[in-house]
Protein chains: 2
Amino acid sequence: MLDAAEALFYARGVQNVGMDEVRTTSGVSLKRLYQLFPSKGDLVEAYLRRRDTTWRQDLTRFADAPEDPRERVLAVFDWLEQWFAQPDFRGCAFINAFGELGATAPAVADAVAEHKAAFRHYLAGLATAAGGTAALGEQLALLAEGAITTAAISGTPAPARQARTAAQALLPHRA
Amino acid sequence: MLDAAEALFYARGVQNVGMDEVRTTSGVSLKRLYQLFPSKGDLVEAYLRRRDTTWRQDLTRFADAPEDPRERVLAVFDWLEQWFAQPDFRGCAFINAFGELGATAPAVADAVAEHKAAFRHYLAGLATAAGGTAALGEQLALLAEGAITTAAISGTPAPARQARTAAQALLPHRA
DNA sequence: ACGCTAGGAGAACGATGGTTCTCAAGTAGG
DNA sequence: CCTACTTGAGAACCATCGTTCTCCTAGCGT
């Protein structure tokens, strides 16, 4: 049922989908919806928190696969590329939600900030494991964020590869 | 009068400000508003197009100042840092608008894509002038985009400096 | 001074959407 | 078989907002 909400919110933006539509496509009655989530804001927050965990799980499952720490860093960008190529890709759900609601809904702003902080933390771990500094982790995060928004707006997955080669250049050379 | 609309739309998101509020803070009557812009969509498009020109003008005025092509590239990130530090900074108006309206308003999606394409084109020029390739321009663009969204979400101007040092590392070494 | 036009302030209208209410159907327990 | 509780479908309610309309005021030409 959160699946339906997630698909709708992500595809069209939170404010462009009504509760009636969530109910119709999820098959859950309004009454039940409102006893699970007392307001739309609660539903939105649940949507973001769930997407945070699944998104990061998917990423780490993919990027933690290689043995070589350098390969792990690069795998992040491979994963991004495959994500960008999906037909329903429409950028980062958190960045979108932040632009839409960050100024008026502090709970949304917080959820977004936490998601991004967790992502940066993960990259910092990969960066230091690959022999870099924490600053390298931040730089990788900037490349990834930039690739996500650029891919969304331009509609091509190419930014993932550009970010990947930039990351390669920033990584310390093989010891 | 577009000043008022711009301030409101940027600060709170397009869908969180009504035409009544535009009228109140701008002092322009609704009648006049609607004879200038037949619909809110037209006003939004005008807002984006105007912000595109002023934003890029401000950027180039600052970044074209140094003589050294490498300095010009780095100046872009200095300009970003100063922008991020402004108290009303709330990320990239175009990314925000895209997340909010890109899926439902093709005119908005187009305006955003054009703005970003122009920005990438400008960076590509700086990159080649500094002895790099067009691919370097794309990488610089990714760093800048990432810095913008990260600064917005985290609330600190620090990403500008991180992007700057990454850019420095990616630039070809002084000949 | 008098009509006439333009423009503004704000009410009015219609649609949409978040939230709640009604009512009927289904089910478990006696 | 009957009753009490739950649940779902959808109507109803209320606020908001984009858009239009009404009325009133102010200036201006004669």
# chains A, B, ... in the order shown; residues from 1 in each chain; ligands from 1
call {"tool": "residues_around", "arguments": {"residues": "Ala105 of chain B", "least_positions_apart": "3", "cutoff": "12 Å", "atoms": "only C-alpha atoms (C1' of nucleotides)", "output": "short mmCIF file (atom, residue, chain, number, x, y, z; two decimals) with N, CA and C atoms, in the first residue's frame"}}
result
data_model
loop_
_atom_site.label_atom_id
_atom_site.label_comp_id
_atom_site.auth_asym_id
_atom_site.auth_seq_id
_atom_site.Cartn_x
_atom_site.Cartn_y
_atom_site.Cartn_z
N ARG A 12 4.88 12.13 -9.64
CA ARG A 12 4.23 13.39 -10.00
C ARG A 12 4.48 14.49 -9.00
N GLY A 13 5.13 14.19 -7.89
CA GLY A 13 5.30 15.20 -6.86
C GLY A 13 4.20 15.08 -5.84
N ASN A 16 0.90 17.00 -6.19
CA ASN A 16 0.10 16.75 -7.40
C ASN A 16 -0.65 15.44 -7.31
N LYS B 40 -1.36 31.53 -13.95
CA LYS B 40 -0.25 31.40 -13.03
C LYS B 40 0.92 30.69 -13.71
N GLY B 41 0.59 29.74 -14.58
CA GLY B 41 1.65 29.06 -15.31
C GLY B 41 2.52 30.03 -16.10
N ASP B 42 1.90 31.02 -16.71
CA ASP B 42 2.68 32.02 -17.45
C ASP B 42 3.58 32.81 -16.52
N VAL B 44 4.79 31.78 -13.70
CA VAL B 44 5.88 30.91 -13.27
C VAL B 44 6.95 30.82 -14.35
N GLU B 45 6.52 30.69 -15.57
CA GLU B 45 7.50 30.61 -16.65
C GLU B 45 8.31 31.90 -16.73
N ALA B 97 11.87 23.87 -8.82
CA ALA B 97 10.70 23.92 -9.68
C ALA B 97 10.54 22.62 -10.45
N PHE B 98 11.65 22.04 -10.83
CA PHE B 98 11.57 20.79 -11.57
C PHE B 98 10.95 19.69 -10.70
N GLY B 99 11.42 19.57 -9.48
CA GLY B 99 10.86 18.54 -8.61
C GLY B 99 9.38 18.76 -8.35
N GLU B 100 9.00 20.02 -8.30
CA GLU B 100 7.63 20.33 -7.95
C GLU B 100 6.70 20.20 -9.16
N LEU B 101 7.14 20.68 -10.30
CA LEU B 101 6.24 20.82 -11.43
C LEU B 101 6.71 20.12 -12.69
N GLY B 102 7.93 19.63 -12.70
CA GLY B 102 8.48 19.07 -13.93
C GLY B 102 7.63 17.98 -14.54
N VAL B 108 7.63 24.18 -17.73
CA VAL B 108 8.60 24.32 -16.64
C VAL B 108 9.79 23.41 -16.88
N ALA B 109 9.51 22.16 -17.23
CA ALA B 109 10.61 21.22 -17.47
C ALA B 109 11.53 21.76 -18.56
N ASP B 110 10.95 22.36 -19.60
CA ASP B 110 11.77 22.90 -20.68
C ASP B 110 12.63 24.05 -20.18
N ALA B 111 12.02 24.98 -19.46
CA ALA B 111 12.78 26.12 -18.97
C ALA B 111 13.94 25.66 -18.10
N VAL B 112 13.69 24.68 -17.27
CA VAL B 112 14.75 24.18 -16.39
C VAL B 112 15.85 23.54 -17.23
#
call {"tool": "residues_around", "arguments": {"residues": "DG26 of chain C", "least_positions_apart": "3", "cutoff": "12 Å", "atoms": "only C-alpha atoms (C1' of nucleotides)", "output": "VMD selection string"}}
result
chain D and resid 5 to 8
call {"tool": "write_last_selection", "arguments": {"atoms": "C-alpha atoms (C1' of nucleotides)", "output": "short mmCIF file (atom, residue, chain, number, x, y, z; two decimals), in the first residue's frame"}}
result
data_model
loop_
_atom_site.label_atom_id
_atom_site.label_comp_id
_atom_site.auth_asym_id
_atom_site.auth_seq_id
_atom_site.Cartn_x
_atom_site.Cartn_y
_atom_site.Cartn_z
"C1'" DC D 5 -18.90 -4.55 15.88
"C1'" DT D 6 -15.92 -3.57 12.01
"C1'" DT D 7 -15.07 -2.07 7.47
"C1'" DG D 8 -15.46 -0.14 2.96
#
call {"tool": "residues_around", "arguments": {"residues": "segment 48-53 of chain B", "least_positions_apart": "6", "cutoff": "10 Å", "atoms": "only C-alpha atoms (C1' of nucleotides)", "output": "VMD selection string"}}
result
chain B and resid 2 to 3 6 9 to 10 42 59 93 to 94 97 108 111 to 112 114 to 116 118 to 119
call {"tool": "interface_residues", "arguments": {"of": "chain B", "to": "chain A", "cutoff": "9 Å", "atoms": "only C-alpha atoms", "output": "PyMOL selection string"}}
result
chain B and resi 11-16+90-93+95-104+109-110+112-113+116-117+135-136+138-150+153-154+159+162-163+165-166+169-170
call {"tool": "write_last_selection", "arguments": {"atoms": "C-alpha atoms", "output": "PDB file, in the first residue's frame"}}
result
ATOM      1  CA  ALA B  11      11.339  31.075  -0.738  1.00  0.00           C
ATOM      2  CA  ARG B  12       8.389  28.761  -0.352  1.00  0.00           C
ATOM      3  CA  GLY B  13       7.905  26.834  -3.572  1.00  0.00           C
ATOM      4  CA  VAL B  14       5.550  27.715  -6.392  1.00  0.00           C
ATOM      5  CA  GLN B  15       2.592  25.734  -5.151  1.00  0.00           C
ATOM      6  CA  ASN B  16       2.814  27.183  -1.672  1.00  0.00           C
ATOM      7  CA  ARG B  90      17.204  27.794  -0.562  1.00  0.00           C
ATOM      8  CA  GLY B  91      18.864  25.809  -3.325  1.00  0.00           C
ATOM      9  CA  CYS B  92      18.507  26.095  -7.064  1.00  0.00           C
ATOM     10  CA  ALA B  93      15.191  27.599  -8.089  1.00  0.00           C
ATOM     11  CA  ILE B  95      15.845  22.162  -9.447  1.00  0.00           C
ATOM     12  CA  ASN B  96      13.150  23.030  -6.956  1.00  0.00           C
ATOM     13  CA  ALA B  97      10.698  23.924  -9.684  1.00  0.00           C
ATOM     14  CA  PHE B  98      11.565  20.785 -11.567  1.00  0.00           C
ATOM     15  CA  GLY B  99      10.860  18.544  -8.606  1.00  0.00           C
ATOM     16  CA  GLU B 100       7.630  20.332  -7.954  1.00  0.00           C
ATOM     17  CA  LEU B 101       6.236  20.821 -11.433  1.00  0.00           C
ATOM     18  CA  GLY B 102       8.484  19.075 -13.934  1.00  0.00           C
ATOM     19  CA  ALA B 103       6.242  16.057 -14.202  1.00  0.00           C
ATOM     20  CA  THR B 104       3.043  17.986 -14.789  1.00  0.00           C
ATOM     21  CA  ALA B 109      10.610  21.223 -17.471  1.00  0.00           C
ATOM     22  CA  ASP B 110      11.772  22.905 -20.683  1.00  0.00           C
ATOM     23  CA  VAL B 112      14.746  24.176 -16.394  1.00  0.00           C
ATOM     24  CA  ALA B 113      16.479  22.053 -19.008  1.00  0.00           C
ATOM     25  CA  LYS B 116      20.956  23.854 -17.007  1.00  0.00           C
ATOM     26  CA  ALA B 117      22.133  23.398 -20.569  1.00  0.00           C
ATOM     27  CA  ALA B 135      34.273  16.295 -20.479  1.00  0.00           C
ATOM     28  CA  LEU B 136      35.937  18.363 -17.777  1.00  0.00           C
ATOM     29  CA  GLU B 138      30.604  18.282 -17.532  1.00  0.00           C
ATOM     30  CA  GLN B 139      32.444  17.168 -14.430  1.00  0.00           C
ATOM     31  CA  LEU B 140      32.645  20.703 -13.131  1.00  0.00           C
ATOM     32  CA  ALA B 141      28.937  21.035 -13.729  1.00  0.00           C
ATOM     33  CA  LEU B 142      28.266  17.923 -11.678  1.00  0.00           C
ATOM     34  CA  LEU B 143      30.332  19.288  -8.824  1.00  0.00           C
ATOM     35  CA  ALA B 144      28.514  22.597  -8.947  1.00  0.00           C
ATOM     36  CA  GLU B 145      25.067  20.973  -9.038  1.00  0.00           C
ATOM     37  CA  GLY B 146      25.961  18.693  -6.203  1.00  0.00           C
ATOM     38  CA  ALA B 147      27.292  21.583  -4.170  1.00  0.00           C
ATOM     39  CA  ILE B 148      24.106  23.577  -4.706  1.00  0.00           C
ATOM     40  CA  THR B 149      21.741  20.859  -3.544  1.00  0.00           C
ATOM     41  CA  THR B 150      23.966  19.738  -0.695  1.00  0.00           C
ATOM     42  CA  ILE B 153      19.748  20.620   2.279  1.00  0.00           C
ATOM     43  CA  SER B 154      22.509  20.724   4.857  1.00  0.00           C
ATOM     44  CA  PRO B 159      30.073  22.245  -0.122  1.00  0.00           C
ATOM     45  CA  GLN B 162      34.755  21.017  -1.214  1.00  0.00           C
ATOM     46  CA  ALA B 163      33.677  21.315  -4.811  1.00  0.00           C
ATOM     47  CA  THR B 165      39.144  21.684  -4.176  1.00  0.00           C
ATOM     48  CA  ALA B 166      37.762  18.808  -6.242  1.00  0.00           C
ATOM     49  CA  ALA B 169      42.279  18.425  -8.586  1.00  0.00           C
ATOM     50  CA  LEU B 170      40.489  17.779 -11.859  1.00  0.00           C
TER      51      LEU B 170
END
call {"tool": "residues_around", "arguments": {"residues": "DT16 of chain D", "least_positions_apart": "2", "cutoff": "10 Å", "atoms": "only C-alpha atoms (C1' of nucleotides)", "output": "list of chain:residue names"}}
result
B:Gly18, C:DT16, C:DG17, D:DC14, D:DG18
call {"tool": "residues_around", "arguments": {"residues": "DA11 of chain C", "least_positions_apart": "2", "cutoff": "12 Å", "atoms": "only C-alpha atoms (C1' of nucleotides)", "output": "PyMOL selection string"}}
result
(chain C and resi 9+13) or (chain D and resi 20-23)
call {"tool": "write_last_selection", "arguments": {"atoms": "C-alpha atoms (C1' of nucleotides)", "output": "PDB file, in the first residue's frame"}}
result
ATOM      1  C1'  DA C   9      -9.883  46.473  -3.982  1.00  0.00           C
ATOM      2  C1'  DC C  13     -17.352  31.617  -8.419  1.00  0.00           C
TER       3       DC C  13
ATOM      4  C1'  DT D  20     -13.432  36.416 -13.038  1.00  0.00           C
ATOM      5  C1'  DC D  21     -16.733  39.940 -11.811  1.00  0.00           C
ATOM      6  C1'  DT D  22     -18.636  43.990  -9.484  1.00  0.00           C
ATOM      7  C1'  DC D  23     -18.503  48.152  -7.727  1.00  0.00           C
TER       8       DC D  23
END
call {"tool": "select_by_dssp", "arguments": {"residues": "segment 38-91 of chain A", "states": "helix (DSSP H, G or I)", "output": "VMD selection string"}}
result
chain A and resid 40 to 63 69 to 84
